[in-house]
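J.: Sending over a structure as structure tokens; questions will come in a sec.
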Amino acid sequence: MPLPSGSNRLDRERSAIEHIISLVPGPPLPIDSFELTGRAGFASAFDVDTVAVASAAASNLAAGVGSIDRAAVAANFTASVEVDGTSLPKWADLSGYYRTSDSTAEHPRFIQFHCNFPHHAAGVVARLGCEATRDAVQDAVMGWEPLALEEALINDGMIAARLRTMDEWSRHPHAIATAPLPLISIEQIGEGAPRPGHRRLRVLDCSRVLAGPVAGQTLAAHGADVLRVGSPHLPHVEMCVLLTGFGKRNTFVDLDGGDGRATFGSLLAGSDVWIDAYRPDAFAERGFSPEQASPGSVTVQLSAFDWTGPWAGRRGFDSIVQSTSGIVEAGREGAAASEPTPLPVQALDFATGYLAAFAATQLVRHQAEVGGTWLARLSLLRTRNWLVSLGGPSPFTPAAPTPDKQALHSVDTPAGRVTAARPVGGSWQHGPQPLGSSPPIWLDVGQI
């Protein structure tokens with residue numbers, strides 16, 4: 001969706017919001033009366049501002065909120081979270097960029113490892129055969145051909161990305177296969193009687209990092225009963241749990257056991273919205289495809305590299321998609337820097353999360369009018385393509401984003417006093433709760 005050159009910020013934002021709305025069927029939304037207030041801006045080679053504001057605004061519009069504050073949006077995208085006054089780390093020691101064997105002073109080249117989960121860090125070290133220090137990993141990386149190392153780690157189930165240029169990515173078979181995909185795809189996958197339009201939604205939030213959790217948290221701010229389902233056997237990142245846990249209940253269900261599958265089936269049958277943000281087909285392999293969702297419900301699936309193309313189903317995170325698809329290299333060139341320069345925030349994750357919340361809310365309203373069982377699909381790669389379509393890369397001066405303190409709030413939680421961004425719309429009934437702290441049941445109306 002290219003936008004007219006020279007259009008001002010408000011025009012760009014409104015045009016982007018209109019584009020988002022056009023992708024999902026549902027009742028008309030009052031964009032003409034929607035108010036955009038406040039000021040905020042990210043230093044980037046790409047139009048992160050428009051992507052951030054438009055995606056969050058769409059989620060508010062669908063939920064009946066008639067305005068959005070840009071400063072609140074920026075605070076959320078900055079992903080700032082403190083516990084008892086101490087900022088939580090966003091990256092593990094071995095996560096990040098490493099120079100590769102084809103790097104020169106004139107043309108530095110890099111590979112990225114995502115090691116925030118301990119088993120991913122262990123896998124990288126095991127493949128490289130080195131000690132678990134950055135210096136040792138860097139030395140070991142220099143002994144590999146970069147693409148061969150990327151492929152070896154991906155085959156190991158690890159998370160790695162050779163940093164490509166925009167041109168290199170545009171020629172890649174997966175880029176070619178996914179370029180025509182819409183930002184949000186919608187499909188009716190079954191029948192189902194219309195459900196009441198005005199009710200508290202039951203949202204089954206099956207997500208970990210970061211887009212899916214943002215979607216669930218956004219729906220919770222607009223009044224939904226959001227039950228986040230995880231496994232006691234899976235690792236987690238404490239920062240993400242606290243950052244995206246506001247307003248949710250948290251439960252554990254073990255899908256590797258018969259009782260757990262029965263429990264999950266019951267939760268799925270009682271849900272209005274199912275957020276499936278695990279690796280594509282991870283639930284289908286355990287007998288829970290979107291077609292097994294409750295008739296009349298809405299399933300929203302999110303992935304990194306999408307469901308089509310040679311990399312369909314590949315594991316990934318926001319930063320990995322940025323590295324793979326040329327965003328980081330374009331940022332480095334735009335900043336005239338010698339080191340990799342990603343987007344100033346995890347914009348692909350947060351924007352995709354708000355878009356998912358918009359799609360879920362709008363499809364629920366559409367279902368109340370026409371019936372049916374619905375599926376929406378979004379991916380970090382599609383959001384990347386949308387960002388690039390808005391223009392850039394352009395020269396810029398990097399600057400660390402700082403959230404407006406007025407856009408933050410503090411709440412007491414079992415983990416301590418948590419300070420994070422206020423919601424961009426609505427309100428949360430409580431702060432983040434410990435994983436596994438709630439029973440795997442839906443609340444009765446009297447319990448809400």
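Scheme for the structure tokens: letters A, B, ... for chains in order shown; per-chain residue numbers from 1; ligand numbers from 1 in order shown.
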Can you check which residues of stretch 258-433 of chain A DSSP gives as strand (DSSP E or B) on the backbone and send them as a PyMOL selection string?

T.: chain A and resi 273-276+298-303+373-379+408-413+416-421

J.: Next, write the just-selected residues to a file, as a JSON list (two decimals), in the first residue's frame, keeping C-alpha atoms as the atom set.

T.:
[["chain", "number", "residue", "atom", "x", "y", "z"],
["A", 273, "VAL", "CA", -11.56, -16.19, 20.24],
["A", 274, "TRP", "CA", -8.56, -18.47, 20.00],
["A", 275, "ILE", "CA", -5.15, -16.80, 19.63],
["A", 276, "ASP", "CA", -2.76, -19.39, 18.21],
["A", 298, "VAL", "CA", -12.84, -16.76, 15.65],
["A", 299, "THR", "CA", -9.31, -18.13, 15.42],
["A", 300, "VAL", "CA", -6.42, -15.71, 14.98],
["A", 301, "GLN", "CA", -3.14, -17.31, 13.98],
["A", 302, "LEU", "CA", 0.20, -15.51, 14.09],
["A", 303, "SER", "CA", 3.59, -16.67, 12.89],
["A", 373, "THR", "CA", -16.62, -19.76, 11.95],
["A", 374, "TRP", "CA", -13.68, -17.57, 11.01],
["A", 375, "LEU", "CA", -9.90, -17.65, 10.67],
["A", 376, "ALA", "CA", -7.54, -14.66, 10.49],
["A", 377, "ARG", "CA", -3.85, -15.02, 9.73],
["A", 378, "LEU", "CA", -1.05, -12.53, 10.30],
["A", 379, "SER", "CA", 2.73, -12.83, 10.29],
["A", 408, "LEU", "CA", 3.39, 4.68, 32.31],
["A", 409, "HIS", "CA", 1.71, 3.29, 35.41],
["A", 410, "SER", "CA", 2.70, 1.12, 38.36],
["A", 411, "VAL", "CA", 0.74, -1.75, 39.89],
["A", 412, "ASP", "CA", 1.42, -4.15, 42.74],
["A", 413, "THR", "CA", 1.74, -7.77, 41.60],
["A", 416, "GLY", "CA", 6.62, -6.89, 42.94],
["A", 417, "ARG", "CA", 5.64, -3.39, 41.89],
["A", 418, "VAL", "CA", 5.58, -3.48, 38.09],
["A", 419, "THR", "CA", 5.92, -0.28, 36.07],
["A", 420, "ALA", "CA", 4.98, -0.47, 32.39],
["A", 421, "ALA", "CA", 2.95, 1.35, 29.75]]

J.: Which stretch 334-431 of chain A residues have any atom within 12 Å of an atom of stretch 144-163 of chain A, and for each, what is the nearest pair of atoms with distance in Å to one decimal, counting only C-alpha atoms, rows sorted by chain and number, as a Markdown table?

T.:
| residue | atom | partner | partner_atom | distance |
| --- | --- | --- | --- | --- |
| A:Glu339 | CA | A:Leu163 | CA | 11.5 |
| A:Pro340 | CA | A:Leu163 | CA | 8.7 |
| A:Thr341 | CA | A:Leu163 | CA | 10.8 |
| A:Pro342 | CA | A:Leu163 | CA | 10.7 |

J.: Residues at most 7 Å from stretch 183-198 of chain A, counting only C-alpha atoms, excluding those fewer than 6 positions away in the same chain, as an MDAnalysis selection string?

T.: chainID A and resid 23:24 291 295:296 365 367:378 382:383 386

J.: Considering only C-alpha atoms, state which residue in the set A:Met142, A:Ala79, A:Val253, A:Ile320 is at the smallest distance from A:Ala407.

T.: A:Ala79

J.: Can you list, as a VMD selection string, all residues belonging to stretch 100-326 of chain A that DSSP tags as alpha helix (DSSP H)?

T.: chain A and resid 118 to 128 134 to 141 146 to 155 166 to 170 173 to 178 211 to 221 238 to 243 258 to 269 318 to 324

J.: Would you kindly return, as a list in words, each protein, DNA or RNA residue with an atom no farther than 8 Å from any atom of A:Leu242, considering only C-alpha atoms and excluding same-chain residues fewer than 3 positions away?

T.: Val81, Glu238, Met239, Gly245, Phe246, Val418, Pro432 and Gln433 of chain A

J.: Do you know which residues are at most 12 Å from A:Phe288 counting only C-alpha atoms, after dropping those on the same chain fewer than 2 positions away, and could you put them as a ChimeraX atom specification?

T.: /A:206,255,261-262,264-269,274,276,280-286,290-294,299

J.: Residues at most 7 Å from stretch 43-53 of chain A, counting only C-alpha atoms, excluding those fewer than 6 positions away in the same chain, as a PyMOL selection string?

T.: chain A and resi 12-13+70+73+331+334+343-344+347+351+387-388+390-399

J.: Pull N, CA and C atoms from the residues just selected and write them as an mmCIF file, in the first residue's frame.

T.:
data_model
loop_
_atom_site.group_PDB
_atom_site.id
_atom_site.type_symbol
_atom_site.label_atom_id
_atom_site.label_comp_id
_atom_site.auth_asym_id
_atom_site.auth_seq_id
_atom_site.Cartn_x
_atom_site.Cartn_y
_atom_site.Cartn_z
ATOM 1 N N ARG A 12 -0.897 10.226 6.449
ATOM 2 C CA ARG A 12 -0.308 8.885 6.359
ATOM 3 C C ARG A 12 -0.980 7.939 7.351
ATOM 4 N N GLU A 13 -1.180 8.427 8.567
ATOM 5 C CA GLU A 13 -1.799 7.574 9.583
ATOM 6 C C GLU A 13 -3.221 7.188 9.192
ATOM 7 N N ARG A 70 -0.671 9.198 20.725
ATOM 8 C CA ARG A 70 0.579 8.706 20.138
ATOM 9 C C ARG A 70 1.630 8.406 21.194
ATOM 10 N N VAL A 73 0.996 5.015 22.552
ATOM 11 C CA VAL A 73 1.430 4.004 21.586
ATOM 12 C C VAL A 73 2.938 3.821 21.663
ATOM 13 N N GLY A 331 18.944 -0.305 7.900
ATOM 14 C CA GLY A 331 19.105 0.631 9.005
ATOM 15 C C GLY A 331 20.556 1.024 9.209
ATOM 16 N N GLY A 334 21.373 3.403 6.435
ATOM 17 C CA GLY A 334 20.700 4.682 6.631
ATOM 18 C C GLY A 334 21.312 5.507 7.739
ATOM 19 N N LEU A 343 15.396 -1.825 13.839
ATOM 20 C CA LEU A 343 14.381 -0.848 14.193
ATOM 21 C C LEU A 343 14.552 -0.471 15.667
ATOM 22 N N PRO A 344 14.176 0.728 16.059
ATOM 23 C CA PRO A 344 14.403 1.161 17.443
ATOM 24 C C PRO A 344 13.570 0.403 18.467
ATOM 25 N N ALA A 347 8.929 -3.388 16.490
ATOM 26 C CA ALA A 347 7.725 -2.859 15.861
ATOM 27 C C ALA A 347 6.914 -3.928 15.154
ATOM 28 N N ALA A 351 3.080 -4.227 16.377
ATOM 29 C CA ALA A 351 2.084 -3.905 15.364
ATOM 30 C C ALA A 351 1.251 -5.126 15.011
ATOM 31 N N LEU A 387 5.412 -2.371 6.405
ATOM 32 C CA LEU A 387 6.302 -1.294 6.837
ATOM 33 C C LEU A 387 7.149 -0.795 5.667
ATOM 34 N N VAL A 388 7.738 -1.702 4.925
ATOM 35 C CA VAL A 388 8.602 -1.315 3.811
ATOM 36 C C VAL A 388 7.802 -0.600 2.729
ATOM 37 N N LEU A 390 5.578 1.505 3.040
ATOM 38 C CA LEU A 390 5.284 2.886 3.413
ATOM 39 C C LEU A 390 6.431 3.844 3.083
ATOM 40 N N GLY A 391 7.543 3.310 2.603
ATOM 41 C CA GLY A 391 8.652 4.165 2.211
ATOM 42 C C GLY A 391 9.925 3.860 2.966
ATOM 43 N N GLY A 392 11.048 4.312 2.417
ATOM 44 C CA GLY A 392 12.349 4.073 3.004
ATOM 45 C C GLY A 392 13.075 2.970 2.247
ATOM 46 N N PRO A 393 14.298 2.695 2.649
ATOM 47 C CA PRO A 393 14.972 3.311 3.803
ATOM 48 C C PRO A 393 15.465 4.720 3.512
ATOM 49 N N SER A 394 15.519 5.521 4.576
ATOM 50 C CA SER A 394 15.949 6.909 4.483
ATOM 51 C C SER A 394 17.067 7.158 5.488
ATOM 52 N N PRO A 395 17.934 8.112 5.209
ATOM 53 C CA PRO A 395 18.975 8.452 6.184
ATOM 54 C C PRO A 395 18.350 8.940 7.494
ATOM 55 N N PHE A 396 18.985 8.619 8.606
ATOM 56 C CA PHE A 396 18.466 9.048 9.906
ATOM 57 C C PHE A 396 19.583 8.998 10.933
ATOM 58 N N THR A 397 19.334 9.629 12.056
ATOM 59 C CA THR A 397 20.273 9.603 13.185
ATOM 60 C C THR A 397 19.670 8.737 14.290
ATOM 61 N N PRO A 398 20.278 7.619 14.613
ATOM 62 C CA PRO A 398 19.712 6.752 15.649
ATOM 63 C C PRO A 398 19.578 7.471 16.985
ATOM 64 N N ALA A 399 18.509 7.141 17.698
ATOM 65 C CA ALA A 399 18.271 7.679 19.043
ATOM 66 C C ALA A 399 17.454 6.662 19.820
#

J.: Can you list, as a list in words, every protein, DNA or RNA residue that comes within 12 Å of A:Ser231 when you count only C-alpha atoms, leaving out same-chain residues fewer than 6 positions away?

T.: Cys206, Ser207, Arg208, Asn250, Thr251, Phe252, Val253, Asp254, Leu255, Asp256, Gly257, Gly260, Arg261, Phe264, Leu435, Gly436 and Pro440 of chain A

J.: Between A:Pro182, A:Val424, A:Ala224, A:Pro235, which one has atoms that come closest to A:Ser67, using only C-alpha atoms?

T.: A:Val424

J.: Pick from A:Ser427, A:His366, A:Pro414, A:Ser338: nearest to A:Pro28, with only C-alpha atoms counted?

T.: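 For A:Pro28, the nearest of the candidates is A:His366.
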
J.: Ranking A:Val83, A:Leu94, A:Leu380, A:Val229 by minimum distance to A:Gly431 and counting only C-alpha atoms, which one comes first?

T.: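 Distance minimum relative to A:Gly431 lands on A:Val83.
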
J.: Which residue, A:Ser297, A:Gln217, A:Ser80, A:Thr308, has the smallest gap to A:Gln429 when you use only C-alpha atoms?

T.: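 Among A:Ser297, A:Gln217, A:Ser80, A:Thr308, it is A:Gln217 that comes nearest to A:Gln429.
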